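Below is the file start.pdb, which contains PDB, C-alpha atoms.
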ATOM      1  CA  MET A   1     -80.069  92.623  11.359
ATOM      2  CA  THR A   2     -80.538  90.777   8.156
ATOM      3  CA  ASN A   3     -81.345  87.181   7.550
ATOM      4  CA  LYS A   4     -77.806  86.629   6.449
ATOM      5  CA  ASP A   5     -76.495  88.007   9.765
ATOM      6  CA  ARG A   6     -78.895  85.837  11.775
ATOM      7  CA  ARG A   7     -77.789  82.748   9.881
ATOM      8  CA  ALA A   8     -74.145  83.646  10.478
ATOM      9  CA  ILE A   9     -74.814  84.120  14.224
ATOM     10  CA  ARG A  10     -76.732  80.813  14.397
ATOM     11  CA  LEU A  11     -73.998  79.029  12.467
ATOM     12  CA  GLY A  12     -71.352  80.569  14.742
ATOM     13  CA  ALA A  13     -73.335  79.664  17.874
ATOM     14  CA  THR A  14     -73.846  76.120  16.600
ATOM     15  CA  ALA A  15     -70.138  75.787  15.810
ATOM     16  CA  LEU A  16     -69.194  77.266  19.194
ATOM     17  CA  GLY A  17     -71.688  74.959  20.964
ATOM     18  CA  SER A  18     -70.332  71.956  19.053
ATOM     19  CA  ILE A  19     -66.764  72.874  19.963
ATOM     20  CA  ALA A  20     -67.790  73.325  23.616
ATOM     21  CA  ILE A  21     -69.563  69.946  23.653
ATOM     22  CA  VAL A  22     -66.541  68.243  22.068
ATOM     23  CA  TRP A  23     -64.093  70.032  24.393
ATOM     24  CA  LEU A  24     -66.062  69.771  27.643
ATOM     25  CA  VAL A  25     -67.947  66.468  27.222
ATOM     26  CA  ILE A  26     -66.637  64.172  24.492
ATOM     27  CA  LEU A  27     -62.858  64.599  25.013
ATOM     28  CA  PRO A  28     -62.987  64.066  28.826
ATOM     29  CA  TRP A  29     -65.287  61.094  28.327
ATOM     30  CA  TRP A  30     -62.942  59.672  25.674
ATOM     31  CA  SER A  31     -59.927  60.117  27.953
ATOM     32  CA  HIS A  32     -61.747  58.490  30.866
ATOM     33  CA  TRP A  33     -62.839  55.618  28.639
ATOM     34  CA  ASN A  34     -59.259  55.045  27.423
ATOM     35  CA  ASP A  35     -58.022  55.088  31.036
ATOM     36  CA  GLN A  36     -60.646  52.523  32.006
ATOM     37  CA  VAL A  37     -59.731  50.272  29.074
ATOM     38  CA  ALA A  38     -56.053  50.443  30.100
ATOM     39  CA  GLN A  39     -56.971  49.664  33.722
ATOM     40  CA  ILE A  40     -59.087  46.702  32.608
ATOM     41  CA  ASP A  41     -56.159  45.396  30.536
ATOM     42  CA  GLN A  42     -53.809  45.716  33.529
ATOM     43  CA  THR A  43     -56.319  43.933  35.762
ATOM     44  CA  ARG A  44     -56.694  41.142  33.215
ATOM     45  CA  GLN A  45     -52.903  40.763  33.056
ATOM     46  CA  ARG A  46     -52.629  40.596  36.872
ATOM     47  CA  LEU A  47     -55.442  38.032  36.936
ATOM     48  CA  GLN A  48     -53.676  35.974  34.261
ATOM     49  CA  ASP A  49     -50.401  36.121  36.232
ATOM     50  CA  PHE A  50     -52.235  35.049  39.391
ATOM     51  CA  GLN A  51     -53.932  32.160  37.558
ATOM     52  CA  ASP A  52     -50.582  31.040  36.092
ATOM     53  CA  GLN A  53     -48.980  31.102  39.539
ATOM     54  CA  THR A  54     -51.930  29.188  41.024
ATOM     55  CA  ARG A  55     -51.671  26.541  38.277
ATOM     56  CA  ARG A  56     -47.906  26.253  38.816
ATOM     57  CA  LEU A  57     -48.338  25.824  42.580
ATOM     58  CA  SER A  58     -51.157  23.318  42.087
ATOM     59  CA  ASN A  59     -48.966  21.268  39.744
ATOM     60  CA  LEU A  60     -46.134  21.482  42.257
ATOM     61  CA  ASP A  61     -48.505  20.205  44.976
ATOM     62  CA  ARG A  62     -49.479  17.235  42.801
ATOM     63  CA  GLU A  63     -45.831  16.445  42.098
ATOM     64  CA  LEU A  64     -44.736  16.784  45.713
ATOM     65  CA  GLU A  65     -47.569  14.913  47.423
ATOM     66  CA  PRO A  66     -46.346  11.410  46.461
ATOM     67  CA  VAL A  67     -42.845  12.336  47.642
ATOM     68  CA  LEU A  68     -43.578  14.351  50.784
ATOM     69  CA  GLY A  69     -46.952  12.958  51.844
ATOM     70  CA  PRO A  70     -50.199  14.728  52.722
ATOM     71  CA  ALA A  71     -48.374  17.470  54.673
ATOM     72  CA  VAL A  72     -48.015  19.342  51.369
ATOM     73  CA  LYS A  73     -51.743  20.221  51.527
ATOM     74  CA  LYS A  74     -51.548  21.853  54.982
ATOM     75  CA  PRO A  75     -51.423  25.661  55.183
ATOM     76  CA  LEU A  76     -48.040  27.133  56.005
ATOM     77  CA  ALA A  77     -47.355  28.280  59.546
ATOM     78  CA  ASP A  78     -45.577  31.503  60.374
ATOM     79  CA  LEU A  79     -41.800  31.474  60.803
ATOM     80  CA  ALA A  80     -41.653  31.059  64.606
ATOM     81  CA  ALA A  81     -44.269  28.290  64.679
ATOM     82  CA  ALA A  82     -42.618  26.463  61.754
ATOM     83  CA  ARG A  83     -39.193  26.627  63.438
ATOM     84  CA  THR A  84     -40.619  25.254  66.701
ATOM     85  CA  GLN A  85     -42.558  22.498  64.902
ATOM     86  CA  LEU A  86     -39.505  21.510  62.841
ATOM     87  CA  LEU A  87     -37.380  21.162  65.981
ATOM     88  CA  LYS A  88     -40.119  19.118  67.707
ATOM     89  CA  ASP A  89     -40.614  16.844  64.668
ATOM     90  CA  VAL A  90     -36.890  16.182  64.265
ATOM     91  CA  MET A  91     -36.496  15.441  67.979
ATOM     92  CA  ASP A  92     -39.500  13.071  67.862
ATOM     93  CA  LEU A  93     -38.168  11.267  64.769
ATOM     94  CA  ASN A  94     -34.798  10.685  66.393
ATOM     95  CA  GLY A  95     -36.440   9.609  69.649
ATOM     96  CA  LYS A  96     -38.767   7.089  67.948
ATOM     97  CA  SER A  97     -35.933   5.528  65.953
ATOM     98  CA  GLY A  98     -33.536   5.368  68.906
ATOM     99  CA  SER A  99     -31.004   7.673  67.291
ATOM    100  CA  GLN A 100     -28.883   9.703  69.745
ATOM    101  CA  ILE A 101     -28.756  13.418  68.936
ATOM    102  CA  ARG A 102     -25.353  15.010  69.508
ATOM    103  CA  SER A 103     -26.072  18.552  68.300
ATOM    104  CA  VAL A 104     -28.785  20.661  66.708
ATOM    105  CA  GLN A 105     -27.971  23.860  64.826
ATOM    106  CA  PRO A 106     -30.693  26.083  63.364
ATOM    107  CA  GLU A 107     -29.800  27.937  60.186
ATOM    108  CA  ALA A 108     -31.091  31.294  58.947
ATOM    109  CA  PRO A 109     -34.345  31.123  56.955
ATOM    110  CA  ARG A 110     -33.971  31.583  53.189
ATOM    111  CA  PRO A 111     -36.684  32.973  50.909
ATOM    112  CA  LEU A 112     -37.840  30.758  48.050
ATOM    113  CA  GLN A 113     -37.462  32.447  44.671
ATOM    114  CA  GLU A 114     -40.114  30.196  43.074
ATOM    115  CA  VAL A 115     -42.800  30.960  45.657
ATOM    116  CA  PRO A 116     -43.008  34.588  46.818
ATOM    117  CA  GLY A 117     -43.859  35.044  50.500
ATOM    118  CA  VAL A 118     -42.460  31.636  51.527
ATOM    119  CA  VAL A 119     -39.200  30.924  53.371
ATOM    120  CA  ARG A 120     -37.293  27.706  53.965
ATOM    121  CA  VAL A 121     -36.586  27.017  57.651
ATOM    122  CA  THR A 122     -33.538  24.756  58.088
ATOM    123  CA  LEU A 123     -32.068  22.741  60.943
ATOM    124  CA  GLN A 124     -28.818  20.730  60.963
ATOM    125  CA  VAL A 125     -28.807  17.680  63.241
ATOM    126  CA  GLN A 126     -25.806  15.528  64.090
ATOM    127  CA  SER A 127     -26.606  12.145  65.607
ATOM    128  CA  THR A 128     -25.337   8.636  66.172
ATOM    129  CA  CYS A 129     -27.339   5.560  65.175
ATOM    130  CA  GLN A 130     -27.308   2.054  63.760
ATOM    131  CA  PRO A 131     -28.139   1.549  60.046
ATOM    132  CA  LEU A 132     -31.543   0.049  60.881
ATOM    133  CA  GLN A 133     -32.363   3.051  63.089
ATOM    134  CA  LEU A 134     -31.495   5.367  60.199
ATOM    135  CA  VAL A 135     -33.847   3.471  57.882
ATOM    136  CA  GLN A 136     -36.611   3.663  60.493
ATOM    137  CA  LEU A 137     -36.004   7.400  60.980
ATOM    138  CA  LEU A 138     -36.269   8.090  57.231
ATOM    139  CA  SER A 139     -39.408   5.955  56.952
ATOM    140  CA  ASN A 140     -41.048   7.825  59.826
ATOM    141  CA  ALA A 141     -40.129  11.171  58.237
ATOM    142  CA  LYS A 142     -42.235  10.472  55.149
ATOM    143  CA  SER A 143     -45.285   9.568  57.213
ATOM    144  CA  ASN A 144     -44.912  12.615  59.477
ATOM    145  CA  PRO A 145     -48.086  14.765  59.382
ATOM    146  CA  ASN A 146     -45.977  17.932  59.033
ATOM    147  CA  LEU A 147     -43.872  18.876  56.037
ATOM    148  CA  LEU A 148     -40.299  17.631  56.506
ATOM    149  CA  ILE A 149     -37.730  17.887  53.754
ATOM    150  CA  LEU A 150     -34.367  16.159  54.018
ATOM    151  CA  ASP A 151     -32.007  18.534  52.206
ATOM    152  CA  ARG A 152     -28.755  16.708  52.825
ATOM    153  CA  MET A 153     -27.438  13.660  54.671
ATOM    154  CA  GLU A 154     -23.865  12.585  55.360
ATOM    155  CA  THR A 155     -22.822   9.408  57.167
ATOM    156  CA  THR A 156     -19.493   8.284  58.551
ATOM    157  CA  THR A 157     -18.566   5.252  60.593
ATOM    158  CA  GLY A 158     -18.869   5.892  64.288
ATOM    159  CA  GLN A 159     -16.589   4.995  67.123
ATOM    160  CA  GLN A 160     -19.406   4.285  69.597
ATOM    161  CA  GLY A 161     -19.654   0.607  68.761
ATOM    162  CA  PRO A 162     -19.922  -1.959  65.961
ATOM    163  CA  GLY A 163     -22.098  -0.737  63.084
ATOM    164  CA  ALA A 164     -22.677   2.675  64.645
ATOM    165  CA  MET A 165     -22.737   5.638  62.264
ATOM    166  CA  ASN A 166     -22.332   9.349  62.732
ATOM    167  CA  VAL A 167     -25.077  11.007  60.711
ATOM    168  CA  THR A 168     -25.412  14.664  59.783
ATOM    169  CA  MET A 169     -28.821  15.572  58.391
ATOM    170  CA  VAL A 170     -30.096  18.938  57.230
ATOM    171  CA  TRP A 171     -33.880  19.077  57.643
ATOM    172  CA  SER A 172     -36.110  21.875  56.429
ATOM    173  CA  THR A 173     -39.724  22.919  56.178
ATOM    174  CA  LEU A 174     -41.565  25.827  54.596
ATOM    175  CA  ALA A 175     -43.110  28.798  56.392
ATOM    176  CA  ARG A 176     -44.924  32.022  55.619
ATOM    177  CA  GLN A 177     -42.549  34.931  55.422
ATOM    178  CA  GLU A 178     -42.956  37.475  58.218
ATOM    179  CA  GLY A 179     -45.393  40.216  57.228
ATOM    180  CA  THR A 180     -47.290  38.176  54.572
ATOM    181  CA  ARG A 181     -50.649  36.492  54.823
TER     182      ARG A 181
END

Please render this file's structure as structure tokens.
Amino acid sequence: MTNKDRRAIRLGATALGSIAIVWLVILPWWSHWNDQVAQIDQTRQRLQDFQDQTRRLSNLDRELEPVLGPAVKKPLADLAAARTQLLKDVMDLNGKSGSQIRSVQPEAPRPLQEVPGVVRVTLQVQSTCQPLQLVQLLSNAKSNPNLLILDRMETTTGQQGPGAMNVTMVWSTLARQEGTR
């Protein structure tokens, strides 16, 4: 074997070793690195989305607290507990104001599009009361420690006596959707 042959074999071995290192080490490492960079970018985007949602909900809390009272800060109950509490709160409000309940009709919960994992629990109440009792009922609703939202109210003159009104109110509260934490 001549010097020229040895140099050719060394050059070939070096080239083959370099190709093997590139193929077996550098390319897999490069692919893994690119995958990790893409995963980091996805994680950053999810974190940004979560921060935006948290800011939006925090701003909504600040806007709603003067209107709905401190109940906005309480954690949401599950659907069954929220439905029971809503019924109890509405019955208590009517009892304290002296309003006579004629009927109570629960409605199906509806998911909120703006807040994933949250449903609106609704209850329609028909009652009879005097105007002053209605004012007292609405005043007590704002100071209620639990979240009560008056979605709709309709009044008509009643036939039970002078000044009596038939009132239909649709009350709601918010609850955690079943299966979410």

If you take every atom of range 43-51 of chain A that the file lists and fit an axis-aligned box around them with 4 Å extra on each side, what centre and edge lengths come out in Å to one decimal, as lines of an AutoDock Vina configuration file?
center_x = -53.5
center_y = 38.0
center_z = 36.2
size_x = 14.3
size_y = 19.8
size_z = 14.3

The PyMOL selection byres ((chain A and resi 101) around 9) - which residues does that actually catch in the file I just gave you? List them as a list in words.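 What the PyMOL selection byres ((chain A and resi 101) around 9) grabs from the file is Met91, Asn94, Gly95, Ser99, Gln100, Arg102, Ser103, Val104, Val125, Gln126, Ser127, Thr128 and Cys129 of chain A.
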
Considering all atoms listed in the file, return as a PyMOL selection string whatever protein or nucleic-acid residues lie within 12 Å of range 141-147 of chain A, sequence-local ones (same chain, fewer than 4 positions apart) excluded. chain A and resi 64-77+81-94+96-97+120-121+134-137+171-175

Between CA of Met169 in chain A and CA of Arg152 in chain A, what is the spacing in Å?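 Distance between the two atoms: 5.7 Å.
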
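Coordinates place CA of Thr155 in chain A at a distance of 18.5 Å from CA of Asn140 in chain A.
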
Between CA of Thr14 in chain A and CA of Pro28 in chain A, what is the distance in Å, rounded to a tenth?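 Atom-to-atom, CA of Thr14 in chain A to CA of Pro28 in chain A, that is 20.3 Å.
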
Name the residues that the PyMOL selection byres ((chain A and resi 110) around 6) picks from the file above, as a PyMOL selection string, using the file's chain letters and numbers. chain A and resi 109+111+119-120

Here is a test: counting all atoms listed in the file, which residue of A:Gly17, A:Pro106, A:Gly98, A:Pro116 is nearest to Gln130 in chain A?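 Result for the nearest residue to Gln130 in chain A: A:Gly98.
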
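Listed by chain and then by number, the residues chosen by the PyMOL selection byres ((chain A and resi 156) around 10) in this file are Thr128, Glu154, Thr155, Thr157, Gly158, Gln159, Ala164, Met165, Asn166, Val167 and Thr168 of chain A.
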
Mind rebuilding range 72-91 of chain A with N, CA and C atoms and writing that out as a PDB file, in the coordinates of the input?
ATOM      1  N   VAL A  72     -48.112  18.308  52.391  1.00  0.00           N
ATOM      2  CA  VAL A  72     -48.015  19.342  51.369  1.00  0.00           C
ATOM      3  C   VAL A  72     -49.308  20.157  51.295  1.00  0.00           C
ATOM      4  N   LYS A  73     -50.437  19.559  51.627  1.00  0.00           N
ATOM      5  CA  LYS A  73     -51.743  20.221  51.527  1.00  0.00           C
ATOM      6  C   LYS A  73     -52.038  21.157  52.704  1.00  0.00           C
ATOM      7  N   LYS A  74     -51.282  21.037  53.803  1.00  0.00           N
ATOM      8  CA  LYS A  74     -51.548  21.853  54.982  1.00  0.00           C
ATOM      9  C   LYS A  74     -51.126  23.301  54.734  1.00  0.00           C
ATOM     10  N   PRO A  75     -51.850  24.261  55.328  1.00  0.00           N
ATOM     11  CA  PRO A  75     -51.423  25.661  55.183  1.00  0.00           C
ATOM     12  C   PRO A  75     -50.100  25.890  55.913  1.00  0.00           C
ATOM     13  N   LEU A  76     -49.345  26.846  55.417  1.00  0.00           N
ATOM     14  CA  LEU A  76     -48.040  27.133  56.005  1.00  0.00           C
ATOM     15  C   LEU A  76     -48.182  27.925  57.302  1.00  0.00           C
ATOM     16  N   ALA A  77     -47.382  27.563  58.271  1.00  0.00           N
ATOM     17  CA  ALA A  77     -47.355  28.280  59.546  1.00  0.00           C
ATOM     18  C   ALA A  77     -46.432  29.490  59.410  1.00  0.00           C
ATOM     19  N   ASP A  78     -46.502  30.377  60.393  1.00  0.00           N
ATOM     20  CA  ASP A  78     -45.577  31.503  60.374  1.00  0.00           C
ATOM     21  C   ASP A  78     -44.180  31.006  60.759  1.00  0.00           C
ATOM     22  N   LEU A  79     -43.194  31.871  60.635  1.00  0.00           N
ATOM     23  CA  LEU A  79     -41.800  31.474  60.803  1.00  0.00           C
ATOM     24  C   LEU A  79     -41.518  30.891  62.182  1.00  0.00           C
ATOM     25  N   ALA A  80     -41.945  31.540  63.249  1.00  0.00           N
ATOM     26  CA  ALA A  80     -41.653  31.059  64.606  1.00  0.00           C
ATOM     27  C   ALA A  80     -42.309  29.703  64.868  1.00  0.00           C
ATOM     28  N   ALA A  81     -43.568  29.562  64.462  1.00  0.00           N
ATOM     29  CA  ALA A  81     -44.269  28.290  64.679  1.00  0.00           C
ATOM     30  C   ALA A  81     -43.639  27.170  63.845  1.00  0.00           C
ATOM     31  N   ALA A  82     -43.233  27.477  62.611  1.00  0.00           N
ATOM     32  CA  ALA A  82     -42.618  26.463  61.754  1.00  0.00           C
ATOM     33  C   ALA A  82     -41.266  26.019  62.328  1.00  0.00           C
ATOM     34  N   ARG A  83     -40.497  26.961  62.852  1.00  0.00           N
ATOM     35  CA  ARG A  83     -39.193  26.627  63.438  1.00  0.00           C
ATOM     36  C   ARG A  83     -39.378  25.710  64.657  1.00  0.00           C
ATOM     37  N   THR A  84     -40.350  26.057  65.507  1.00  0.00           N
ATOM     38  CA  THR A  84     -40.619  25.254  66.701  1.00  0.00           C
ATOM     39  C   THR A  84     -41.102  23.855  66.312  1.00  0.00           C
ATOM     40  N   GLN A  85     -42.011  23.790  65.333  1.00  0.00           N
ATOM     41  CA  GLN A  85     -42.558  22.498  64.902  1.00  0.00           C
ATOM     42  C   GLN A  85     -41.478  21.641  64.257  1.00  0.00           C
ATOM     43  N   LEU A  86     -40.593  22.258  63.469  1.00  0.00           N
ATOM     44  CA  LEU A  86     -39.505  21.510  62.841  1.00  0.00           C
ATOM     45  C   LEU A  86     -38.592  20.889  63.899  1.00  0.00           C
ATOM     46  N   LEU A  87     -38.233  21.665  64.902  1.00  0.00           N
ATOM     47  CA  LEU A  87     -37.380  21.162  65.981  1.00  0.00           C
ATOM     48  C   LEU A  87     -38.063  20.002  66.710  1.00  0.00           C
ATOM     49  N   LYS A  88     -39.363  20.168  67.017  1.00  0.00           N
ATOM     50  CA  LYS A  88     -40.119  19.118  67.707  1.00  0.00           C
ATOM     51  C   LYS A  88     -40.188  17.854  66.850  1.00  0.00           C
ATOM     52  N   ASP A  89     -40.504  18.009  65.554  1.00  0.00           N
ATOM     53  CA  ASP A  89     -40.614  16.844  64.668  1.00  0.00           C
ATOM     54  C   ASP A  89     -39.292  16.095  64.543  1.00  0.00           C
ATOM     55  N   VAL A  90     -38.201  16.834  64.405  1.00  0.00           N
ATOM     56  CA  VAL A  90     -36.890  16.182  64.265  1.00  0.00           C
ATOM     57  C   VAL A  90     -36.515  15.464  65.561  1.00  0.00           C
ATOM     58  N   MET A  91     -36.788  16.091  66.691  1.00  0.00           N
ATOM     59  CA  MET A  91     -36.496  15.441  67.979  1.00  0.00           C
ATOM     60  C   MET A  91     -37.339  14.170  68.134  1.00  0.00           C
TER      61      MET A  91
END
